[in-house]
>>> print(open('my_file.txt').read())   # compact mmCIF, N, CA and C atoms
# COMPACT_ATOMS: atom_id res chain seq x y z
N MET A 820 3.77 12.71 28.78
CA MET A 820 2.92 13.23 27.75
C MET A 820 2.30 14.53 28.25
N ILE A 821 2.35 15.55 27.44
CA ILE A 821 1.72 16.83 27.77
C ILE A 821 0.25 16.76 27.40
N LEU A 822 -0.61 17.13 28.36
CA LEU A 822 -2.05 17.16 28.13
C LEU A 822 -2.57 18.56 28.43
N TYR A 823 -3.43 19.05 27.55
CA TYR A 823 -4.08 20.35 27.74
C TYR A 823 -5.56 20.12 27.91
N GLY A 824 -6.19 20.89 28.80
CA GLY A 824 -7.61 20.70 29.06
C GLY A 824 -8.39 21.99 29.07
N LEU A 825 -9.65 21.88 28.70
CA LEU A 825 -10.60 22.99 28.76
C LEU A 825 -11.86 22.46 29.42
N ARG A 826 -12.21 23.03 30.56
CA ARG A 826 -13.41 22.58 31.28
C ARG A 826 -14.65 23.17 30.62
N GLY A 827 -15.73 22.41 30.74
CA GLY A 827 -17.01 22.85 30.19
C GLY A 827 -18.15 22.14 30.91
N ILE A 828 -19.34 22.32 30.36
CA ILE A 828 -20.52 21.67 30.91
C ILE A 828 -21.27 20.96 29.79
N THR A 829 -21.99 19.91 30.15
CA THR A 829 -22.81 19.18 29.19
C THR A 829 -24.16 19.89 29.07
N HIS A 830 -24.98 19.43 28.14
CA HIS A 830 -26.32 20.01 27.99
C HIS A 830 -27.16 19.82 29.24
N GLY A 831 -26.86 18.80 30.01
CA GLY A 831 -27.58 18.54 31.26
C GLY A 831 -26.91 19.14 32.48
N TRP A 832 -25.98 20.04 32.28
CA TRP A 832 -25.24 20.76 33.32
C TRP A 832 -24.22 19.91 34.05
N GLY A 833 -23.87 18.77 33.48
CA GLY A 833 -22.78 17.97 34.05
C GLY A 833 -21.44 18.61 33.72
N ARG A 834 -20.41 18.23 34.41
CA ARG A 834 -19.08 18.77 34.21
C ARG A 834 -18.28 17.88 33.27
N LEU A 835 -17.44 18.51 32.44
CA LEU A 835 -16.58 17.77 31.53
C LEU A 835 -15.28 18.53 31.33
N ILE A 836 -14.30 17.83 30.79
CA ILE A 836 -13.06 18.46 30.36
C ILE A 836 -12.71 17.88 28.99
N SER A 837 -12.42 18.77 28.06
CA SER A 837 -11.89 18.35 26.76
C SER A 837 -10.38 18.29 26.91
N VAL A 838 -9.78 17.26 26.33
CA VAL A 838 -8.35 17.04 26.50
C VAL A 838 -7.69 16.83 25.13
N MET A 839 -6.55 17.49 24.94
CA MET A 839 -5.76 17.28 23.71
C MET A 839 -4.29 17.26 24.07
N SER A 840 -3.50 16.75 23.12
CA SER A 840 -2.06 16.61 23.31
C SER A 840 -1.36 16.75 21.97
N PRO A 841 -0.14 17.28 21.96
CA PRO A 841 0.65 17.28 20.72
C PRO A 841 0.89 15.86 20.20
N SER A 842 0.76 14.86 21.07
CA SER A 842 0.94 13.46 20.67
C SER A 842 -0.26 12.92 19.90
N GLY A 843 -1.37 13.64 19.90
CA GLY A 843 -2.55 13.24 19.15
C GLY A 843 -3.68 12.72 20.01
N ALA A 844 -4.88 12.75 19.43
CA ALA A 844 -6.09 12.35 20.16
C ALA A 844 -6.08 10.87 20.52
N GLN A 845 -5.58 10.02 19.64
CA GLN A 845 -5.55 8.59 19.95
C GLN A 845 -4.60 8.33 21.12
N ALA A 846 -3.51 9.06 21.18
CA ALA A 846 -2.58 8.92 22.31
C ALA A 846 -3.25 9.32 23.62
N VAL A 847 -4.10 10.34 23.58
CA VAL A 847 -4.85 10.75 24.77
C VAL A 847 -5.74 9.60 25.21
N LEU A 848 -6.48 9.01 24.27
CA LEU A 848 -7.35 7.87 24.60
C LEU A 848 -6.57 6.71 25.20
N ASP A 849 -5.42 6.43 24.63
CA ASP A 849 -4.60 5.32 25.11
C ASP A 849 -3.98 5.60 26.47
N HIS A 850 -3.74 6.86 26.79
CA HIS A 850 -3.03 7.25 28.00
C HIS A 850 -3.94 7.37 29.23
N LEU A 851 -5.13 7.91 29.05
CA LEU A 851 -6.02 8.17 30.19
C LEU A 851 -6.69 6.89 30.68
N GLU A 852 -6.63 6.70 31.99
CA GLU A 852 -7.38 5.63 32.64
C GLU A 852 -8.37 6.32 33.56
N THR A 853 -9.67 6.14 33.28
CA THR A 853 -10.68 6.95 33.96
C THR A 853 -11.48 6.21 35.02
N GLY A 854 -11.76 4.95 34.84
CA GLY A 854 -12.57 4.21 35.81
C GLY A 854 -14.04 4.61 35.75
N PRO A 855 -14.83 4.10 36.72
CA PRO A 855 -16.28 4.31 36.69
C PRO A 855 -16.74 5.71 37.08
N GLU A 856 -15.85 6.54 37.59
CA GLU A 856 -16.23 7.88 38.04
C GLU A 856 -16.21 8.92 36.93
N LEU A 857 -15.70 8.51 35.78
CA LEU A 857 -15.59 9.40 34.62
C LEU A 857 -15.98 8.62 33.37
N GLN A 858 -16.55 9.32 32.40
CA GLN A 858 -16.93 8.68 31.14
C GLN A 858 -16.19 9.37 30.00
N VAL A 859 -15.47 8.60 29.20
CA VAL A 859 -14.77 9.14 28.04
C VAL A 859 -15.74 9.18 26.87
N VAL A 860 -15.78 10.34 26.21
CA VAL A 860 -16.59 10.52 25.02
C VAL A 860 -15.64 10.86 23.87
N ALA A 861 -15.58 9.96 22.90
CA ALA A 861 -14.66 10.13 21.78
C ALA A 861 -15.48 10.15 20.48
N GLN A 862 -15.53 11.33 19.86
CA GLN A 862 -16.30 11.49 18.63
C GLN A 862 -15.39 11.99 17.52
N LYS A 863 -15.59 11.43 16.34
CA LYS A 863 -14.79 11.84 15.19
C LYS A 863 -14.90 13.35 14.97
N GLY A 864 -13.74 13.97 14.74
CA GLY A 864 -13.69 15.41 14.49
C GLY A 864 -13.70 16.28 15.73
N GLN A 865 -13.66 15.66 16.92
CA GLN A 865 -13.70 16.40 18.19
C GLN A 865 -12.53 15.97 19.07
N PRO A 866 -12.07 16.88 19.95
CA PRO A 866 -11.09 16.45 20.95
C PRO A 866 -11.75 15.44 21.90
N VAL A 867 -10.94 14.66 22.57
CA VAL A 867 -11.44 13.70 23.56
C VAL A 867 -12.09 14.48 24.71
N GLN A 868 -13.25 14.03 25.14
CA GLN A 868 -13.92 14.63 26.29
C GLN A 868 -13.99 13.59 27.41
N VAL A 869 -13.89 14.08 28.64
CA VAL A 869 -14.07 13.23 29.81
C VAL A 869 -15.18 13.87 30.64
N HIS A 870 -16.27 13.13 30.83
CA HIS A 870 -17.43 13.61 31.58
C HIS A 870 -17.37 13.09 33.01
N GLN A 871 -17.65 13.98 33.95
CA GLN A 871 -17.61 13.64 35.36
C GLN A 871 -18.89 12.92 35.78
N ILE A 872 -18.75 11.80 36.47
CA ILE A 872 -19.87 11.06 37.04
C ILE A 872 -19.99 11.38 38.53
N ARG A 873 -18.86 11.44 39.21
CA ARG A 873 -18.83 11.74 40.65
C ARG A 873 -18.20 13.10 40.86
N ASP A 874 -18.82 13.93 41.71
CA ASP A 874 -18.25 15.24 42.03
C ASP A 874 -16.80 15.09 42.47
N GLY A 875 -15.95 15.95 41.94
CA GLY A 875 -14.54 15.96 42.31
C GLY A 875 -13.66 15.07 41.44
N ALA A 876 -14.26 14.20 40.64
CA ALA A 876 -13.47 13.26 39.84
C ALA A 876 -12.64 13.97 38.77
N LEU A 877 -13.15 15.07 38.19
CA LEU A 877 -12.35 15.81 37.20
C LEU A 877 -11.12 16.43 37.85
N ASP A 878 -11.30 16.99 39.04
CA ASP A 878 -10.15 17.58 39.74
C ASP A 878 -9.07 16.52 39.98
N GLU A 879 -9.48 15.32 40.35
CA GLU A 879 -8.53 14.24 40.59
C GLU A 879 -7.83 13.83 39.29
N LEU A 880 -8.58 13.79 38.18
CA LEU A 880 -7.99 13.44 36.88
C LEU A 880 -6.95 14.48 36.47
N VAL A 881 -7.29 15.75 36.63
CA VAL A 881 -6.36 16.84 36.28
C VAL A 881 -5.09 16.72 37.11
N ALA A 882 -5.24 16.49 38.40
CA ALA A 882 -4.06 16.37 39.28
C ALA A 882 -3.24 15.13 38.95
N ARG A 883 -3.88 13.99 38.70
CA ARG A 883 -3.18 12.73 38.43
C ARG A 883 -2.34 12.81 37.17
N TYR A 884 -2.88 13.44 36.13
CA TYR A 884 -2.17 13.49 34.85
C TYR A 884 -1.47 14.81 34.58
N GLY A 885 -1.56 15.75 35.51
CA GLY A 885 -0.90 17.05 35.32
C GLY A 885 -1.44 17.80 34.12
N ILE A 886 -2.74 17.70 33.90
CA ILE A 886 -3.36 18.37 32.75
C ILE A 886 -3.23 19.88 32.93
N VAL A 887 -2.69 20.54 31.91
CA VAL A 887 -2.55 21.98 31.92
C VAL A 887 -3.88 22.57 31.46
N GLU A 888 -4.57 23.24 32.38
CA GLU A 888 -5.88 23.80 32.04
C GLU A 888 -5.70 25.16 31.38
N LEU A 889 -6.43 25.35 30.28
CA LEU A 889 -6.35 26.58 29.50
C LEU A 889 -7.69 27.29 29.50
N ASP A 890 -7.66 28.61 29.28
CA ASP A 890 -8.91 29.32 29.07
C ASP A 890 -9.30 29.18 27.59
N GLN A 891 -10.46 29.68 27.23
CA GLN A 891 -10.98 29.47 25.87
C GLN A 891 -10.03 29.99 24.79
N ALA A 892 -9.46 31.18 25.00
CA ALA A 892 -8.56 31.76 23.99
C ALA A 892 -7.28 30.93 23.85
N ALA A 893 -6.70 30.53 24.97
CA ALA A 893 -5.48 29.73 24.92
C ALA A 893 -5.76 28.35 24.33
N TRP A 894 -6.93 27.78 24.62
CA TRP A 894 -7.32 26.49 24.05
C TRP A 894 -7.40 26.59 22.53
N ALA A 895 -8.06 27.62 22.03
CA ALA A 895 -8.21 27.80 20.58
C ALA A 895 -6.85 27.95 19.91
N GLU A 896 -5.97 28.71 20.54
CA GLU A 896 -4.62 28.90 19.99
C GLU A 896 -3.84 27.59 19.98
N ARG A 897 -3.90 26.85 21.08
CA ARG A 897 -3.17 25.58 21.18
C ARG A 897 -3.74 24.56 20.20
N LYS A 898 -5.05 24.54 20.05
CA LYS A 898 -5.68 23.62 19.11
C LYS A 898 -5.24 23.92 17.68
N GLN A 899 -5.11 25.19 17.37
CA GLN A 899 -4.64 25.60 16.04
C GLN A 899 -3.19 25.13 15.84
N THR A 900 -2.37 25.26 16.87
CA THR A 900 -0.98 24.86 16.80
C THR A 900 -0.84 23.34 16.61
N ILE A 901 -1.63 22.58 17.36
CA ILE A 901 -1.57 21.12 17.28
C ILE A 901 -2.13 20.65 15.94
N GLY A 902 -3.14 21.33 15.46
CA GLY A 902 -3.72 21.01 14.15
C GLY A 902 -4.63 19.80 14.18
N LYS A 903 -4.66 19.07 13.08
CA LYS A 903 -5.60 17.95 12.93
C LYS A 903 -5.40 16.85 13.96
N ASP A 904 -4.23 16.75 14.56
CA ASP A 904 -3.99 15.72 15.58
C ASP A 904 -4.71 16.00 16.89
N ALA A 905 -5.26 17.21 17.06
CA ALA A 905 -5.98 17.55 18.29
C ALA A 905 -7.31 16.83 18.38
N VAL A 906 -7.82 16.36 17.25
CA VAL A 906 -9.14 15.71 17.22
C VAL A 906 -9.02 14.29 16.68
N LEU A 907 -10.06 13.52 16.93
CA LEU A 907 -10.10 12.14 16.42
C LEU A 907 -10.42 12.13 14.94
>>> encode(input="my_file.txt", output="structure tokens")
Amino acid sequence: MILYGLRGITHGWGRLISVMSPSGAQAVLDHLETGPELQVVAQKGQPVQVHQIRDGALDELVARYGIVELDQAAWAERKQTIGKDAVL
């Protein structure tokens, strides 16, 4: 499964990554196994987010699943291409 990610920060300055796939947001939820070091945030109308609990856990998630990290412009373009399936 191809996964695309965009790193960001929470309102409390925590680290997160938004993740989408051409397979759809539900497929992302079904595919990712995060454990206690990461928290999945799934909200209607938004891409799946994974919030870091332990420093370094996002880097490990990206490496484990081969998430292709995009910059903001590439993320917006890819999200447009994927369309409504990019979000829940």
>>> atom_distance(input="my_file.txt", atom1="atom CA of Glu852 of chain A", atom2="atom N of Glu896 of chain A")
26.1 Å
>>> closest_residue(input="my_file.txt", among="A:His870, A:Ile901, A:Val887, A:Leu907", to="Pro841 of chain A", atoms="all atoms listed in the file")
A:Ile901
>>> closest_residue(input="my_file.txt", among="A:Ile821, A:Leu889, A:Ile836, A:Val860", to="Ala876 of chain A", atoms="only C-alpha atoms")
A:Ile836
>>> atom_distance(input="my_file.txt", atom1="atom CA of Asp874 of chain A", atom2="atom CA of Gln862 of chain A")
23.8 Å
>>> closest_residue(input="my_file.txt", among="A:Ala895, A:Val838, A:Ala844, A:Val881", to="Val869 of chain A", atoms="all atoms listed in the file")
A:Val838
>>> atom_distance(input="my_file.txt", atom1="atom N of Lys903 of chain A", atom2="atom C of Leu857 of chain A")
25.5 Å
>>> residues_around(input="my_file.txt", residues="Ala905 of chain A", least_positions_apart="6", cutoff="7 Å", atoms="only C-alpha atoms", output="VMD selection string")
chain A and resid 839 to 840 843 to 844 866 898
>>> select_by_dssp(input="my_file.txt", residues="chain A", states="alpha helix (DSSP H)", output="ChimeraX atom specification")
/A:844-850,876-884,891-901
>>> closest_residue(input="my_file.txt", among="A:Leu825, A:Leu851, A:Ile872, A:Val867", to="Trp894 of chain A", atoms="all atoms listed in the file")
A:Leu825
>>> closest_residue(input="my_file.txt", among="A:Tyr823, A:Gly864, A:Ser837, A:Arg873", to="Ile886 of chain A", atoms="only N, CA and C atoms")
A:Tyr823
>>> residues_around(input="my_file.txt", residues="His850 of chain A", least_positions_apart="6", cutoff="10 Å", atoms="only C-alpha atoms", output="list of chain:residue names")
A:Met820, A:Leu822, A:Ala844, A:Tyr884
>>> closest_residue(input="my_file.txt", among="A:Lys863, A:Arg826, A:Gly833, A:Thr853", to="Leu880 of chain A", atoms="only N, CA and C atoms")
A:Thr853
>>> axis_aligned_box(input="my_file.txt", around="segment 884-899 of chain A", padding_each_side="3 Å", output="JSON")
{"center_x": -5.9, "center_y": 22.6, "center_z": 26.0, "size_x": 16.1, "size_y": 24.3, "size_z": 26.3}
